[in-house]
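Asks: Right, I'll just put the structure down here and ask away after.
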Amino acid sequence: MKIALIGYGKMGKAIEAIATAKGHEVIHRIDMNNLHLLEPNELSKADVAIEFTTPATAVDNIMKCFAANVPVVVGTTGWLDRLPEVEERCKAGNHGFLCASNFSIGVNIFFEVNKRLAALMAPHKEYDVQMLEIHHTQKKDAPSGTAITLAEEILAVNSSKTKWVEGSAHNPGELGIASERIDPTPGTHTVTYTSDIDDISITHTAHNRQGFAAGAVAAAVYMVGKKGVYTMKDVLNL
Ligand SMILES: NC(=O)C1=CN([C@@H]2O[C@H](COP(=O)(O)OP(=O)(O)OC[C@H]3O[C@@H](n4cnc5c(N)ncnc54)[C@H](OP(=O)(O)O)[C@@H]3O)[C@@H](O)[C@H]2O)C=CC1
Ligand SMILES: O=C(O)C1=N[C@H](C(=O)O)C[C@H](O)C1
């Protein structure tokens with residue numbers, strides 16, 4: 001598989017290491033120094049593009065992959081308010097697109113555990129729920145994309161909560177997501193239910209970026225030749 005890496009920072013480099021070890025070929029390593037490689041005649045040489053850049057640049061880069069007719073796997077977070085628009089463009093143009101706030105197998109299983117716990121806790125109004133995410137200090141967005149996914153899964157079943165908010169909740173209807181930035185934390189997420197009687201917490205702790213990178217490579221293999229909108233649930237059969 002020929003891969004165009006859009007974004008060659010911490011994640012781009014981690015993905016390259018895993019992709020090449022698996023026998024894939026990285027044909028483009030795109031950062032701010034070689035943006036001409038985003039032109040259709042260059043991107044179209046790849047079987048798949050993997051996009052890990054910044055919240056401000058992800059959507060433009062996805063559109064460039066659509067223009068080049070290259071399926072794209074997107075890990076960049078902090079832009080997902082525009083996801084419906086991007087999915088619409090993907091379907092309308094018959095392109096290939098897979099996006100995940102977190103590619104690691106462990107976090108995707110954690111998402112399922114979170115959904116099950118949220119369903120079990122929903123009738124028990126004596127418990128309040130809050131979240132904490134911890135990442136390295138270079139992270140541009142807060143709360144993390146993973147935390148937002150976890151929060152949305154809780155909001156879908158917990159009728160006491162109407163929206164998530166950054167930091168502490170100001171009223172009982174809000175689900176507070178606290179963010180801490182501590183180096184070199186790759187990514188830690190905790191969901192806690194608190195009552196006067198007891199607390200229940202679930203935590204996922206990434207020890208490094210290998211899980212995110214391996215999941216992104218698995219998603220890229222899955223996306224070669226694909227049209228339409230997919231998620232990690234398709235890749236992992238969840
Ligand atoms: N979904 C998941 O599983 C994961 C998602 N992420 C997310 O991935 C994103 C990237 O993370 P990370 O690798 O740590 O970030 P880094 O800051 O280490 O790397 C970002 C890279 O993007 C490049 N870049 C910036 N603007 C553009 C552009 N317009 N076109 C092409 N490349 C560009 C930068 O180039 P330059 O150095 O020249 O500025 C740099 O190489 C973040 O949003 C993060 O939250 C991270 C881990 C896991
Ligand atoms: O920026 C990061 O590093 C990470 N970002 C993703 C997120 O926002 O959830 C995934 C992972 O936690 C690492």
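We name chains A, B, ... following the order of the structure tokens; residues begin at 1 in each chain, and ligands are numbered from 1 as shown.
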So which residues touch segment 14-19 of chain A within 7 Å, counting only C-alpha atoms, skipping near sequence neighbours fewer than 2 positions away, as a list in words?
Replies: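 The residues that qualify are Lys10, Met11, Gly12, Ala21, Lys22, Gly23, His24, Val26, Arg209, Gln210, Ala213, Ala214 and Val217 of chain A.
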Asks: List as an MDAnalysis selection string the protein and nucleic acid residues lying within 7 Å of ligand 1, with only C-alpha atoms and all ligand atoms counted.
Replies: chainID A and resid 6:12 30:33 35 52:55 57 61 75:78 100:104 138:139 141 144:145 209 212
Asks: Now that the selection is made, can you save its residues with C-alpha atoms as a tab-separated table (two decimals), in the first residue's frame?
Replies:
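What landed in out35.tsv:
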chain	number	residue	atom	x	y	z
A	6	ILE	CA	-0.45	14.47	5.63
A	7	GLY	CA	1.18	15.77	8.81
A	8	TYR	CA	4.64	14.53	9.70
A	9	GLY	CA	4.78	15.37	13.39
A	10	LYS	CA	4.52	13.07	16.39
A	11	MET	CA	1.74	10.96	14.87
A	12	GLY	CA	2.99	11.05	11.27
A	30	ILE	CA	3.75	16.34	4.11
A	31	ASP	CA	4.29	19.18	6.54
A	32	MET	CA	4.37	22.98	6.24
A	33	ASN	CA	7.60	22.79	4.18
A	35	LEU	CA	2.51	21.71	0.86
A	52	PHE	CA	-2.89	14.02	11.34
A	53	THR	CA	-2.30	17.80	11.28
A	54	THR	CA	-4.08	20.59	13.17
A	55	PRO	CA	-7.71	21.56	13.92
A	57	THR	CA	-6.01	22.61	8.57
A	61	ASN	CA	-6.62	18.71	3.58
A	75	GLY	CA	-7.12	11.44	13.09
A	76	THR	CA	-6.92	15.18	13.61
A	77	THR	CA	-9.21	16.36	16.42
A	78	GLY	CA	-10.67	19.76	17.28
A	100	ALA	CA	-11.85	8.63	14.43
A	101	SER	CA	-11.22	10.69	17.55
A	102	ASN	CA	-9.07	7.76	18.70
A	103	PHE	CA	-7.68	4.86	16.62
A	104	SER	CA	-6.37	2.63	19.42
A	138	GLN	CA	1.67	20.60	22.86
A	139	LYS	CA	-1.96	19.57	22.37
A	141	ASP	CA	-7.47	21.37	21.38
A	144	SER	CA	-9.73	16.04	23.59
A	145	GLY	CA	-11.65	14.47	20.72
A	209	ARG	CA	1.41	6.56	20.59
A	212	PHE	CA	-3.09	5.26	17.82
Asks: Using DSSP secondary structure from the backbone, list all strand (DSSP E) positions within segment 20-221 of chain A, as a compact mmCIF listing (two decimals) with C-alpha atoms, in the first residue's frame.
Replies:
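Done, and the output landed in states-v4.txt:
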# COMPACT_ATOMS: atom_id res chain seq x y z
CA GLU A 25 5.46 2.36 1.43
CA VAL A 26 5.23 5.98 2.57
CA ILE A 27 5.49 8.02 -0.64
CA HIS A 28 4.78 11.51 0.80
CA ARG A 29 5.60 13.02 4.21
CA ILE A 30 3.75 16.34 4.11
CA VAL A 48 -4.60 6.13 0.72
CA ALA A 49 -3.85 9.34 2.66
CA ILE A 50 -3.53 9.54 6.45
CA GLU A 51 -4.22 13.01 7.89
CA VAL A 72 -8.49 9.51 3.48
CA VAL A 73 -8.11 8.37 7.10
CA VAL A 74 -8.35 11.33 9.50
CA GLY A 96 -13.72 7.56 0.72
CA PHE A 97 -13.47 8.94 4.29
CA LEU A 98 -12.81 7.42 7.71
CA CYS A 99 -12.43 9.60 10.79
CA ASP A 128 -23.39 12.57 39.11
CA VAL A 129 -20.96 12.00 36.24
CA GLN A 130 -17.86 13.98 35.26
CA MET A 131 -14.79 13.42 33.12
CA LEU A 132 -11.07 14.18 33.15
CA GLU A 133 -8.66 14.04 30.21
CA ILE A 134 -4.88 14.52 30.51
CA HIS A 135 -2.52 15.14 27.57
CA LYS A 163 -24.72 19.04 27.21
CA TRP A 164 -21.01 18.72 27.94
CA VAL A 165 -18.97 21.75 29.04
CA GLU A 166 -15.25 22.43 29.33
CA GLU A 174 -24.06 19.85 32.47
CA LEU A 175 -21.43 17.15 32.06
CA GLY A 176 -18.09 18.74 32.99
CA ILE A 177 -14.92 17.68 31.16
CA ALA A 178 -11.76 18.82 32.95
CA SER A 179 -8.55 19.02 30.89
CA GLU A 180 -5.01 18.89 32.27
CA ARG A 181 -1.83 19.32 30.24
CA THR A 188 -5.46 9.51 29.69
CA HIS A 189 -9.27 9.54 29.96
CA THR A 190 -11.36 8.97 33.10
CA VAL A 191 -15.14 8.87 33.51
CA THR A 192 -16.32 9.06 37.14
CA TYR A 193 -19.77 8.56 38.64
CA THR A 194 -19.99 10.03 42.18
CA ASP A 199 -17.74 6.38 43.33
CA ILE A 200 -17.27 4.36 40.16
CA SER A 201 -14.45 5.29 37.73
CA ILE A 202 -13.22 3.86 34.46
CA THR A 203 -9.85 4.97 33.04
CA HIS A 204 -7.95 4.37 29.82
CA THR A 205 -4.24 5.22 29.96
Asks: Looking at only C-alpha atoms, which of A:Tyr127, A:Phe111, A:Tyr230, A:Trp79 is the one that sits closest to Ala142 of chain A?
Replies: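 The answer is A:Trp79, which sits nearest to Ala142 of chain A.
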Asks: Which of these, A:Glu85, A:Glu126, A:Asp183, A:Glu42, has the shortest distance to ligand 2 once you count only C-alpha atoms and all ligand atoms?
Replies: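 Smallest distance to ligand 2 is found for A:Asp183.
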Asks: Point out the residue among A:Gly225, A:Gly211, A:Pro123, A:Gly167 with the least atom-to-atom distance to ligand 2, counting only C-alpha atoms and all ligand atoms.
Replies: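 So, comparing all the options, the nearest one is A:Gly211.
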Asks: Have a look at A:Ala46, A:Ala216, A:Met121, A:Leu238 and name the one nearest to ligand 2; count only C-alpha atoms and all ligand atoms.
Replies: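 Looking only at the distances to ligand 2, the closest residue turns out to be A:Ala216.
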Asks: Work out how far apart atom 11 (C, counted along the ligand's line) of ligand 2 and atom CA of Val113 of chain A are and give it in Å to one decimal.
Replies: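 A separation of 17.5 Å between them.
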Asks: Would you mind telling me which residue in A:Ile109, A:Leu37, A:Val70, A:Ala147 lies nearest to ligand 2 when using only C-alpha atoms and all ligand atoms?
Replies: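 Closest to ligand 2 of all the choices is A:Ala147.
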Asks: So which one's closest to ligand 2, A:Asn208, A:Asn69, A:Thr146, A:Asn171? Using only C-alpha atoms and all ligand atoms, please.
Replies: A:Thr146
Asks: Quick one: distance from atom 8 (O, counted along the ligand's line) of ligand 2 to atom CA of Leu5 of chain A in Å, one decimal?
Replies: 18.6 Å
Asks: Find the spatial neighbours of Glu39 of chain A, counting only C-alpha atoms, within a cut-off of 8 Å - ignore same-chain residues fewer than 3 positions away - and output them as a list in words.
Replies: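 The filter keeps His36, Glu42, Leu43, Lys64 and Ala68 of chain A.
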Asks: Take the residues from that selection and put them in a file with N, CA and C atoms, as a compact mmCIF listing (two decimals), in the first residue's frame.
Replies:
# COMPACT_ATOMS: atom_id res chain seq x y z
N HIS A 36 3.07 21.68 -1.56
CA HIS A 36 2.74 21.42 -2.97
C HIS A 36 2.39 19.94 -3.18
N GLU A 42 0.02 14.86 -7.24
CA GLU A 42 0.92 14.21 -6.27
C GLU A 42 0.14 13.25 -5.36
N LEU A 43 -0.97 13.76 -4.76
CA LEU A 43 -1.73 12.92 -3.83
C LEU A 43 -2.27 11.67 -4.52
N LYS A 64 -8.73 18.25 -0.24
CA LYS A 64 -7.68 18.00 -1.25
C LYS A 64 -7.62 16.50 -1.57
N ALA A 68 -8.37 14.73 -5.21
CA ALA A 68 -7.42 13.79 -5.85
C ALA A 68 -8.00 12.38 -5.96
Asks: Please report, as a ChimeraX atom specification, each residue of segment 91-177 of chain A to which DSSP assigns helix (DSSP H, G or I) when run on this structure's backbone.
Replies: /A:91-93,105-121,145-155
Asks: Can you write just those residues out, C-alpha atoms, as a PDB file, in the first residue's frame?
Replies:
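Generated output (part.pdb):
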ATOM      1  CA  LYS A  91     -21.172  11.088  -0.082  1.00  0.00           C
ATOM      2  CA  ALA A  92     -22.060  13.657  -2.754  1.00  0.00           C
ATOM      3  CA  GLY A  93     -18.717  13.182  -4.527  1.00  0.00           C
ATOM      4  CA  ILE A 105      -8.035  -0.745  19.962  1.00  0.00           C
ATOM      5  CA  GLY A 106      -7.949  -0.123  23.720  1.00  0.00           C
ATOM      6  CA  VAL A 107      -9.865   3.147  23.474  1.00  0.00           C
ATOM      7  CA  ASN A 108     -12.389   1.692  21.027  1.00  0.00           C
ATOM      8  CA  ILE A 109     -13.099  -1.077  23.554  1.00  0.00           C
ATOM      9  CA  PHE A 110     -13.193   1.622  26.271  1.00  0.00           C
ATOM     10  CA  PHE A 111     -15.867   3.431  24.198  1.00  0.00           C
ATOM     11  CA  GLU A 112     -18.001   0.256  24.365  1.00  0.00           C
ATOM     12  CA  VAL A 113     -17.423  -0.102  28.142  1.00  0.00           C
ATOM     13  CA  ASN A 114     -18.366   3.584  28.588  1.00  0.00           C
ATOM     14  CA  LYS A 115     -21.616   3.079  26.652  1.00  0.00           C
ATOM     15  CA  ARG A 116     -22.540   0.018  28.741  1.00  0.00           C
ATOM     16  CA  LEU A 117     -21.703   1.782  32.025  1.00  0.00           C
ATOM     17  CA  ALA A 118     -23.660   4.881  30.931  1.00  0.00           C
ATOM     18  CA  ALA A 119     -26.715   2.720  30.192  1.00  0.00           C
ATOM     19  CA  LEU A 120     -26.434   0.959  33.575  1.00  0.00           C
ATOM     20  CA  MET A 121     -26.044   4.272  35.458  1.00  0.00           C
ATOM     21  CA  GLY A 145     -11.649  14.465  20.725  1.00  0.00           C
ATOM     22  CA  THR A 146     -11.757  11.202  22.665  1.00  0.00           C
ATOM     23  CA  ALA A 147     -13.327  12.952  25.674  1.00  0.00           C
ATOM     24  CA  ILE A 148     -15.987  14.507  23.433  1.00  0.00           C
ATOM     25  CA  THR A 149     -16.823  11.085  21.945  1.00  0.00           C
ATOM     26  CA  LEU A 150     -17.126   9.603  25.472  1.00  0.00           C
ATOM     27  CA  ALA A 151     -19.304  12.546  26.582  1.00  0.00           C
ATOM     28  CA  GLU A 152     -21.618  12.272  23.570  1.00  0.00           C
ATOM     29  CA  GLU A 153     -22.118   8.561  24.265  1.00  0.00           C
ATOM     30  CA  ILE A 154     -23.117   9.397  27.883  1.00  0.00           C
ATOM     31  CA  LEU A 155     -25.436  12.238  26.805  1.00  0.00           C
TER      32      LEU A 155
END
Asks: Find the distance between atom CA of Pro71 of chain A and atom CA of Val229 of chain A and write it in Å to one decimal.
Replies: 9.9 Å
